[in-house]
$ cat run39.pdb   # PDB, C-alpha atoms and all ligand atoms
ATOM      1  CA  MET R   6     -10.607  13.251   7.936
ATOM      2  CA  ARG R   7     -12.064  16.568   6.773
ATOM      3  CA  GLY R   8      -9.258  18.916   5.729
ATOM      4  CA  LYS R   9      -6.691  16.116   5.538
ATOM      5  CA  VAL R  10      -4.637  15.545   2.380
ATOM      6  CA  VAL R  11      -4.062  11.851   1.682
ATOM      7  CA  LEU R  12      -1.567  10.453  -0.816
ATOM      8  CA  ILE R  13      -2.123   6.798  -1.766
ATOM      9  CA  THR R  14       0.092   4.875  -4.160
ATOM     10  CA  GLY R  15      -1.602   2.142  -6.158
ATOM     11  CA  GLY R  16      -5.034   3.675  -5.716
ATOM     12  CA  SER R  17      -6.532   2.523  -9.007
ATOM     13  CA  ARG R  18      -7.310  -1.040  -7.927
ATOM     14  CA  GLY R  19      -7.623  -3.471  -5.003
ATOM     15  CA  ILE R  20      -6.631  -2.387  -1.503
ATOM     16  CA  GLY R  21      -5.509   1.077  -2.645
ATOM     17  CA  ARG R  22      -8.823   1.683  -4.388
ATOM     18  CA  SER R  23     -10.839   0.689  -1.291
ATOM     19  CA  THR R  24      -8.603   2.810   0.912
ATOM     20  CA  ALA R  25      -9.031   5.837  -1.364
ATOM     21  CA  LEU R  26     -12.816   5.367  -1.270
ATOM     22  CA  GLU R  27     -12.881   5.193   2.538
ATOM     23  CA  PHE R  28     -10.777   8.333   2.926
ATOM     24  CA  GLY R  29     -12.929  10.065   0.293
ATOM     25  CA  LYS R  30     -16.139   9.162   2.134
ATOM     26  CA  LEU R  31     -14.678  10.625   5.325
ATOM     27  CA  GLY R  32     -14.080  13.991   3.668
ATOM     28  CA  ALA R  33     -10.337  13.903   2.982
ATOM     29  CA  SER R  34      -8.773  15.223  -0.227
ATOM     30  CA  VAL R  35      -7.360  12.117  -1.860
ATOM     31  CA  VAL R  36      -4.521  11.921  -4.370
ATOM     32  CA  ILE R  37      -4.448   8.537  -6.083
ATOM     33  CA  VAL R  38      -1.206   7.490  -7.728
ATOM     34  CA  TYR R  39      -1.506   4.799 -10.363
ATOM     35  CA  ASN R  40       0.627   3.459 -13.196
ATOM     36  CA  ASN R  41      -1.236   1.669 -16.013
ATOM     37  CA  HIS R  42      -4.975   1.665 -15.400
ATOM     38  CA  ASP R  43      -6.096   5.198 -16.415
ATOM     39  CA  LYS R  44      -9.767   4.253 -16.684
ATOM     40  CA  LYS R  45      -9.868   2.511 -13.318
ATOM     41  CA  ALA R  46      -8.114   5.427 -11.632
ATOM     42  CA  LYS R  47     -10.656   7.829 -13.147
ATOM     43  CA  GLU R  48     -13.488   5.604 -11.901
ATOM     44  CA  VAL R  49     -12.150   5.774  -8.341
ATOM     45  CA  VAL R  50     -12.065   9.574  -8.563
ATOM     46  CA  GLN R  51     -15.651   9.606  -9.883
ATOM     47  CA  GLU R  52     -16.831   7.249  -7.125
ATOM     48  CA  ILE R  53     -15.354   9.531  -4.482
ATOM     49  CA  GLU R  54     -16.879  12.614  -6.106
ATOM     50  CA  LYS R  55     -20.255  10.846  -6.219
ATOM     51  CA  VAL R  56     -20.317  10.659  -2.416
ATOM     52  CA  GLY R  57     -19.323  14.316  -2.140
ATOM     53  CA  GLY R  58     -15.596  13.717  -1.643
ATOM     54  CA  LYS R  59     -12.563  15.227  -3.344
ATOM     55  CA  ALA R  60     -10.034  13.200  -5.315
ATOM     56  CA  VAL R  61      -7.562  13.422  -8.149
ATOM     57  CA  ALA R  62      -5.614  10.738  -9.993
ATOM     58  CA  PHE R  63      -1.920  11.189 -10.769
ATOM     59  CA  LYS R  64      -0.148   8.856 -13.187
ATOM     60  CA  ALA R  65       3.359   7.915 -12.093
ATOM     61  CA  ASP R  66       5.544   4.831 -11.973
ATOM     62  CA  VAL R  67       6.714   4.636  -8.354
ATOM     63  CA  SER R  68       9.620   2.393  -9.336
ATOM     64  CA  GLN R  69      11.287   5.464 -10.913
ATOM     65  CA  GLU R  70      12.977   7.846  -8.477
ATOM     66  CA  PHE R  71      12.240  10.989 -10.532
ATOM     67  CA  GLU R  72       8.523  10.080 -10.570
ATOM     68  CA  LEU R  73       8.474  10.127  -6.759
ATOM     69  CA  GLU R  74       9.708  13.696  -6.887
ATOM     70  CA  ASN R  75       6.997  14.534  -9.455
ATOM     71  CA  ILE R  76       4.297  13.080  -7.195
ATOM     72  CA  VAL R  77       5.353  15.105  -4.162
ATOM     73  CA  GLU R  78       5.783  18.275  -6.213
ATOM     74  CA  PHE R  79       2.261  17.831  -7.604
ATOM     75  CA  VAL R  80       0.655  17.338  -4.197
ATOM     76  CA  VAL R  81       2.506  20.188  -2.502
ATOM     77  CA  LYS R  82       1.814  22.562  -5.403
ATOM     78  CA  ASN R  83      -1.915  21.775  -5.388
ATOM     79  CA  TYR R  84      -2.625  21.204  -1.690
ATOM     80  CA  GLY R  85       0.294  22.791   0.181
ATOM     81  CA  LYS R  86       0.737  19.794   2.515
ATOM     82  CA  ILE R  87       0.524  16.023   2.894
ATOM     83  CA  ASP R  88      -1.087  14.708   6.081
ATOM     84  CA  ILE R  89      -1.298  11.002   5.313
ATOM     85  CA  LEU R  90       0.837   8.812   3.057
ATOM     86  CA  VAL R  91      -0.200   5.255   2.234
ATOM     87  CA  ASN R  92       2.603   3.301   0.577
ATOM     88  CA  ASN R  93       0.404   0.672  -1.005
ATOM     89  CA  ALA R  94       1.547   0.098  -4.626
ATOM     90  CA  GLY R  95       3.033  -3.356  -4.975
ATOM     91  CA  ILE R  96       3.724  -6.094  -7.475
ATOM     92  CA  VAL R  97       4.402  -9.813  -7.400
ATOM     93  CA  PHE R  98       5.575 -12.316  -9.999
ATOM     94  CA  ASP R  99       4.251 -15.783  -9.260
ATOM     95  CA  ARG R 100       6.526 -18.501 -10.682
ATOM     96  CA  GLU R 101       8.819 -21.376  -9.712
ATOM     97  CA  PHE R 102      12.005 -20.460  -7.827
ATOM     98  CA  GLU R 103      14.126 -21.538 -10.810
ATOM     99  CA  GLU R 104      12.301 -18.997 -12.989
ATOM    100  CA  ILE R 105      13.095 -15.941 -10.867
ATOM    101  CA  THR R 106      15.042 -13.409 -12.912
ATOM    102  CA  TYR R 107      17.277 -10.622 -11.682
ATOM    103  CA  GLU R 108      15.294  -8.126 -13.744
ATOM    104  CA  GLU R 109      11.947  -9.079 -12.163
ATOM    105  CA  SER R 110      13.397  -9.087  -8.660
ATOM    106  CA  LEU R 111      14.848  -5.634  -9.270
ATOM    107  CA  LYS R 112      11.426  -4.383 -10.385
ATOM    108  CA  ILE R 113       9.916  -5.782  -7.179
ATOM    109  CA  VAL R 114      12.609  -4.203  -5.021
ATOM    110  CA  LYS R 115      12.155  -0.808  -6.677
ATOM    111  CA  THR R 116       8.343  -0.870  -6.484
ATOM    112  CA  ASN R 117       7.696  -2.570  -3.142
ATOM    113  CA  MET R 118      10.716  -1.421  -1.141
ATOM    114  CA  LEU R 119      12.569   1.553  -2.571
ATOM    115  CA  ALA R 120       9.434   3.505  -3.521
ATOM    116  CA  PRO R 121       8.124   3.516   0.090
ATOM    117  CA  LEU R 122      11.596   4.399   1.392
ATOM    118  CA  PHE R 123      12.228   7.298  -0.967
ATOM    119  CA  LEU R 124       8.647   8.563  -1.043
ATOM    120  CA  SER R 125       8.617   8.633   2.763
ATOM    121  CA  LYS R 126      12.005  10.382   2.718
ATOM    122  CA  LEU R 127      10.460  13.128   0.581
ATOM    123  CA  VAL R 128       7.125  13.329   2.389
ATOM    124  CA  ALA R 129       8.058  12.982   6.085
ATOM    125  CA  PRO R 130      10.031  16.273   6.273
ATOM    126  CA  ILE R 131       6.951  18.056   4.838
ATOM    127  CA  MET R 132       4.856  16.442   7.588
ATOM    128  CA  VAL R 133       7.369  17.450  10.257
ATOM    129  CA  LYS R 134       7.330  21.031   9.010
ATOM    130  CA  ASN R 135       3.541  20.972   9.147
ATOM    131  CA  GLY R 136       3.567  19.416  12.645
ATOM    132  CA  TYR R 137       1.417  16.420  11.665
ATOM    133  CA  GLY R 138       1.777  13.182   9.724
ATOM    134  CA  LYS R 139       0.799   9.540   9.412
ATOM    135  CA  ILE R 140       2.512   7.019   7.162
ATOM    136  CA  ILE R 141       1.066   3.564   6.594
ATOM    137  CA  ASN R 142       3.002   0.926   4.684
ATOM    138  CA  VAL R 143       1.217  -2.027   3.140
ATOM    139  CA  SER R 144       3.338  -5.082   3.916
ATOM    140  CA  SER R 145       2.188  -8.718   3.902
ATOM    141  CA  THR R 146       2.221 -11.969   5.843
ATOM    142  CA  SER R 147       4.458 -13.299   3.041
ATOM    143  CA  GLY R 148       7.779 -14.145   4.595
ATOM    144  CA  LEU R 149       6.344 -13.989   8.131
ATOM    145  CA  TYR R 150       4.779 -17.456   8.197
ATOM    146  CA  ASP R 151       3.655 -17.704   4.620
ATOM    147  CA  PHE R 152       6.399 -19.181   2.455
ATOM    148  CA  ASN R 153       6.606 -19.812  -1.268
ATOM    149  CA  PRO R 154      10.061 -20.081  -2.867
ATOM    150  CA  GLY R 155       8.704 -18.808  -6.189
ATOM    151  CA  THR R 156       7.792 -15.459  -4.630
ATOM    152  CA  ALA R 157      10.894 -15.195  -2.421
ATOM    153  CA  ASP R 158      11.721 -11.747  -3.820
ATOM    154  CA  TYR R 159       8.202 -10.490  -3.008
ATOM    155  CA  ALA R 160       8.390 -11.824   0.576
ATOM    156  CA  MET R 161      11.817 -10.234   1.038
ATOM    157  CA  SER R 162      10.478  -6.876  -0.126
ATOM    158  CA  LYS R 163       7.472  -7.051   2.195
ATOM    159  CA  LEU R 164       9.564  -7.978   5.248
ATOM    160  CA  ALA R 165      11.957  -5.146   4.393
ATOM    161  CA  LEU R 166       8.981  -2.799   4.488
ATOM    162  CA  GLN R 167       8.339  -3.833   8.106
ATOM    163  CA  SER R 168      11.918  -2.976   8.960
ATOM    164  CA  LEU R 169      11.567   0.379   7.178
ATOM    165  CA  THR R 170       8.393   1.046   9.189
ATOM    166  CA  LYS R 171      10.313   0.733  12.450
ATOM    167  CA  ASP R 172      13.232   2.873  11.267
ATOM    168  CA  LEU R 173      10.936   5.623   9.976
ATOM    169  CA  SER R 174       8.875   5.601  13.172
ATOM    170  CA  MET R 175      12.071   6.195  15.147
ATOM    171  CA  LYS R 176      13.403   8.878  12.813
ATOM    172  CA  TYR R 177      10.239  10.986  12.594
ATOM    173  CA  ALA R 178       8.793  10.607  16.118
ATOM    174  CA  PRO R 179       7.023  12.242  17.804
ATOM    175  CA  ILE R 180       5.417  14.151  14.927
ATOM    176  CA  VAL R 181       4.921  11.403  12.343
ATOM    177  CA  ASN R 182       3.366   8.045  13.218
ATOM    178  CA  VAL R 183       4.613   5.275  10.953
ATOM    179  CA  ASN R 184       2.904   1.898  10.962
ATOM    180  CA  ALA R 185       2.356  -1.033   8.632
ATOM    181  CA  VAL R 186      -0.459  -3.411   7.892
ATOM    182  CA  ALA R 187       0.403  -6.975   6.943
ATOM    183  CA  PRO R 188      -2.564  -8.574   5.201
ATOM    184  CA  GLY R 189      -2.877 -12.266   4.468
ATOM    185  CA  TRP R 190      -4.751 -13.199   1.294
ATOM    186  CA  VAL R 191      -7.055 -10.460   0.032
ATOM    187  CA  ASN R 192      -9.549 -10.772  -2.817
ATOM    188  CA  THR R 193      -7.947  -8.500  -5.442
ATOM    189  CA  ASP R 194      -6.661  -8.725  -9.021
ATOM    190  CA  MET R 195      -3.270  -9.721  -7.610
ATOM    191  CA  ASN R 196      -4.687 -13.158  -6.765
ATOM    192  CA  ALA R 197      -7.217 -13.492  -9.558
ATOM    193  CA  ASP R 198      -5.315 -16.196 -11.460
ATOM    194  CA  LEU R 199      -4.454 -18.566  -8.613
ATOM    195  CA  PRO R 200      -5.550 -22.201  -9.077
ATOM    196  CA  ALA R 201      -8.831 -23.055  -7.331
ATOM    197  CA  GLU R 202      -7.280 -25.937  -5.373
ATOM    198  CA  PHE R 203      -4.550 -23.662  -4.016
ATOM    199  CA  VAL R 204      -7.143 -21.065  -2.995
ATOM    200  CA  LYS R 205      -9.151 -23.758  -1.188
ATOM    201  CA  THR R 206      -6.115 -25.009   0.757
ATOM    202  CA  GLU R 207      -5.009 -21.507   1.712
ATOM    203  CA  THR R 208      -8.540 -20.532   2.780
ATOM    204  CA  SER R 209      -8.788 -23.577   5.054
ATOM    205  CA  LYS R 210      -5.809 -22.267   7.082
ATOM    206  CA  TYR R 211      -7.720 -19.133   8.134
ATOM    207  CA  HIS R 212      -9.891 -19.083  11.275
ATOM    208  CA  MET R 213     -12.362 -16.934   9.324
ATOM    209  CA  LYS R 214     -12.433 -19.520   6.487
ATOM    210  CA  ARG R 215     -12.384 -16.737   3.923
ATOM    211  CA  TRP R 216     -10.002 -14.206   2.454
ATOM    212  CA  ALA R 217     -10.237 -10.523   3.299
ATOM    213  CA  ASP R 218     -12.296  -8.041   1.371
ATOM    214  CA  PRO R 219     -10.115  -5.045   0.371
ATOM    215  CA  LYS R 220     -12.391  -2.812   2.465
ATOM    216  CA  GLU R 221     -11.395  -4.709   5.599
ATOM    217  CA  ILE R 222      -7.761  -3.782   4.958
ATOM    218  CA  ALA R 223      -8.769  -0.216   4.078
ATOM    219  CA  ASP R 224     -10.625   0.126   7.408
ATOM    220  CA  ALA R 225      -7.462  -0.785   9.339
ATOM    221  CA  ILE R 226      -5.403   1.667   7.286
ATOM    222  CA  VAL R 227      -7.912   4.448   7.961
ATOM    223  CA  PHE R 228      -7.807   3.620  11.683
ATOM    224  CA  LEU R 229      -3.992   3.860  11.753
ATOM    225  CA  ALA R 230      -4.238   7.158   9.875
ATOM    226  CA  SER R 231      -6.782   8.555  12.315
ATOM    227  CA  ASP R 232      -6.254  10.434  15.564
ATOM    228  CA  LYS R 233      -7.571   7.344  17.374
ATOM    229  CA  ALA R 234      -4.132   5.838  16.679
ATOM    230  CA  ASN R 235      -2.026   8.746  17.923
ATOM    231  CA  TYR R 236      -0.076   6.580  20.411
ATOM    232  CA  ILE R 237       0.583   3.781  17.922
ATOM    233  CA  THR R 238       3.837   3.915  15.974
ATOM    234  CA  GLY R 239       6.395   1.465  14.607
ATOM    235  CA  GLN R 240       3.832  -1.352  14.626
ATOM    236  CA  VAL R 241       2.890  -4.012  12.130
ATOM    237  CA  LEU R 242      -0.790  -4.911  12.278
ATOM    238  CA  ILE R 243      -1.379  -8.424  10.947
ATOM    239  CA  LEU R 244      -4.696  -8.701   9.120
ATOM    240  CA  ASP R 245      -5.173 -12.358   8.287
ATOM    241  CA  GLY R 246      -8.461 -13.302   9.931
ATOM    242  CA  GLY R 247      -6.558 -15.604  12.292
ATOM    243  CA  HIS R 248      -4.166 -18.189  10.892
ATOM    244  CA  CYS R 249      -3.525 -21.839  11.834
TER     245      CYS R 249
HETATM  246  P1  LIG P 301      -3.510  -4.950  -7.165
HETATM  247  O1  LIG P 301      -4.969  -5.174  -7.120
HETATM  248  O2  LIG P 301      -2.665  -5.711  -8.111
HETATM  249  O3  LIG P 301      -3.254  -3.380  -7.363
HETATM  250  C1  LIG P 301      -1.951  -2.905  -7.383
HETATM  251  C2  LIG P 301      -1.966  -1.397  -7.430
HETATM  252  O4  LIG P 301      -0.616  -0.914  -7.421
HETATM  253  C3  LIG P 301      -2.612  -0.858  -8.690
HETATM  254  O5  LIG P 301      -3.349   0.310  -8.381
HETATM  255  C4  LIG P 301      -1.408  -0.499  -9.563
HETATM  256  O6  LIG P 301      -1.661   0.568 -10.481
HETATM  257  C5  LIG P 301      -0.418  -0.052  -8.519
HETATM  258  N1  LIG P 301       0.977  -0.152  -8.971
HETATM  259  C6  LIG P 301       1.681  -1.268  -9.244
HETATM  260  N2  LIG P 301       2.911  -0.939  -9.682
HETATM  261  C7  LIG P 301       2.971   0.414  -9.682
HETATM  262  C8  LIG P 301       3.960   1.341 -10.026
HETATM  263  N3  LIG P 301       5.167   0.957 -10.470
HETATM  264  N4  LIG P 301       3.691   2.657  -9.915
HETATM  265  C9  LIG P 301       2.478   3.087  -9.469
HETATM  266  N5  LIG P 301       1.486   2.255  -9.125
HETATM  267  C10 LIG P 301       1.739   0.918  -9.228
HETATM  268  O7  LIG P 301      -2.847  -5.226  -5.730
HETATM  269  P2  LIG P 301      -3.492  -5.348  -4.281
HETATM  270  O8  LIG P 301      -3.803  -6.757  -4.058
HETATM  271  O9  LIG P 301      -4.514  -4.320  -4.072
HETATM  272  O10 LIG P 301      -2.198  -5.021  -3.420
HETATM  273  C11 LIG P 301      -1.954  -3.749  -2.867
HETATM  274  C12 LIG P 301      -0.813  -3.897  -1.872
HETATM  275  O11 LIG P 301      -1.170  -4.849  -0.887
HETATM  276  C13 LIG P 301       0.477  -4.408  -2.503
HETATM  277  O12 LIG P 301       1.579  -3.756  -1.923
HETATM  278  C14 LIG P 301       0.479  -5.870  -2.133
HETATM  279  O13 LIG P 301       1.775  -6.388  -2.070
HETATM  280  C15 LIG P 301      -0.177  -5.827  -0.769
HETATM  281  N6  LIG P 301      -0.773  -7.089  -0.339
HETATM  282  C16 LIG P 301      -1.734  -7.677  -1.114
HETATM  283  C17 LIG P 301      -2.270  -8.899  -0.684
HETATM  284  C18 LIG P 301      -3.315  -9.615  -1.478
HETATM  285  O14 LIG P 301      -3.601 -10.795  -1.159
HETATM  286  N7  LIG P 301      -3.915  -9.005  -2.486
HETATM  287  C19 LIG P 301      -1.826  -9.469   0.515
HETATM  288  C20 LIG P 301      -0.864  -8.810   1.265
HETATM  289  C21 LIG P 301      -0.339  -7.623   0.839
HETATM  290  P3  LIG P 301      -2.075   0.292 -12.023
HETATM  291  O15 LIG P 301      -2.991  -0.856 -12.018
HETATM  292  O16 LIG P 301      -2.715   1.556 -12.451
HETATM  293  O17 LIG P 301      -0.813   0.028 -12.736
END
$ encode --input "run39.pdb" --output "structure tokens"
Amino acid sequence: MRGKVVLITGGSRGIGRSTALEFGKLGASVVIVYNNHDKKAKEVVQEIEKVGGKAVAFKADVSQEFELENIVEFVVKNYGKIDILVNNAGIVFDREFEEITYEESLKIVKTNMLAPLFLSKLVAPIMVKNGYGKIINVSSTSGLYDFNPGTADYAMSKLALQSLTKDLSMKYAPIVNVNAVAPGWVNTDMNADLPAEFVKTETSKYHMKRWADPKEIADAIVFLASDKANYITGQVLILDGGHC
């Protein structure tokens, strides 16, 4: 990954944080986009620098179109190119179906769906011009076999991301590889408040009898971003430790 410029949305915590660390360890220059957690984003940068890597944190709300333009302008101005884009930032609102509001669903759509679409639309032409590019979208098993009416809007957004992955892979082939990972449950802040009984039931459905560590998702993302995955495009890699 030496010499590669990696842009990761949602790099301050969870899967994005682990992914940033892995790319940093491998010698890439990492740009971490985050929204609220300034301190955590700074810590990720410091951790990467500690192992001799290069990283910078950029604060931007990916649910705002103009912020996407700011992100790309920043990276191009400072690095001159973008080799790898990881569309990872995502949100969920866990509630009963009756409690879903239009406003929350719109926030989910903008963050989980429209940000990857419009960020990719800005970044992919830069990759094409440069003759190299990898885009990895972070989808989910939600909506695939994992159903919960209270997070219907989240599942819709994550399935839409799989569709986007296939369209982008077609549009930007053969120069840009576009793939998605679809994790099952991962131990991150996103799931920190789930009831213990629910966690136990969900865990029992996995062949591995445990949830993923964020690093295990990061490793798959790094693989898809590497030249070992040059013939893989338009795919969704399910990362759920085997599911009953
Ligand atoms: P997390 O721990 O809650 O972290 C979310 C990250 O996204 C944070 O870095 C956050 O930044 C950033 N973010 C959220 N909204 C943003 C916005 N509007 N603009 C910029 N950054 C924003 O989540 P996670 O569990 O690591 O999830 C990462 C991705 O994996 C998400 O797309 C999620 O849907 C997907 N996923 C997660 C699981 C799971 O079980 N955890 C399973 C399948 C898929 P700040 O904190 O700085 O605001």
$ residues_near_point --input "run39.pdb" --point "(6.1, -14.9, -2.5)" --cutoff "10 Å" --atoms "all atoms listed in the file" --output "MDAnalysis selection string"
chainID R and resid 97:100 102 145:148 151:163
$ resolve_selection --input "run39.pdb" --expression "the PyMOL selection byres (((chain R and resi 57) around 12) and not hetatm)" --output "VMD selection string"
chain R and resid 7 26 28 to 34 50 to 56 58 to 60
$ closest_residue --input "run39.pdb" --among "R:Ile180, R:Ile243, R:Leu199, R:Ile20" --to "ligand LIG 301 (chain P)" --atoms "only C-alpha atoms and all ligand atoms"
R:Ile20
$ residues_near_ligand --input "run39.pdb" --ligand "ligand LIG 301 (chain P)" --cutoff "7 Å" --atoms "all atoms listed in the file" --output "ChimeraX atom specification"
/R:14-22,38-43,46,65-68,93-97,116-117,143-146,187-196
$ residues_near_point --input "run39.pdb" --point "(-5.4, 9.4, 12.3)" --cutoff "12 Å" --atoms "all atoms listed in the file" --output "number ranges by chain"
R: 6-7, 9-11, 28, 31, 33, 88-90, 137-141, 181-184, 224-238
$ atom_distance --input "run39.pdb" --atom1 "CA of Leu122 (chain R)" --atom2 "CA of Thr106 (chain R)"
23.1 Å
$ axis_aligned_box --input "run39.pdb" --around "region 148-154 of chain R" --padding-each-side "8 Å" --output "AutoDock Vina command-line options"
--center_x 6.9 --center_y -17.0 --center_z 2.7 --size_x 22.4 --size_y 22.1 --size_z 27.1
$ atom_distance --input "run39.pdb" --atom1 "CA of Lys82 (chain R)" --atom2 "CA of Val128 (chain R)"
13.2 Å
$ closest_residue --input "run39.pdb" --among "R:Ile105, R:Leu119, R:Ala223, R:Leu169" --to "Gln69 (chain R)" --atoms "only C-alpha atoms"
R:Leu119
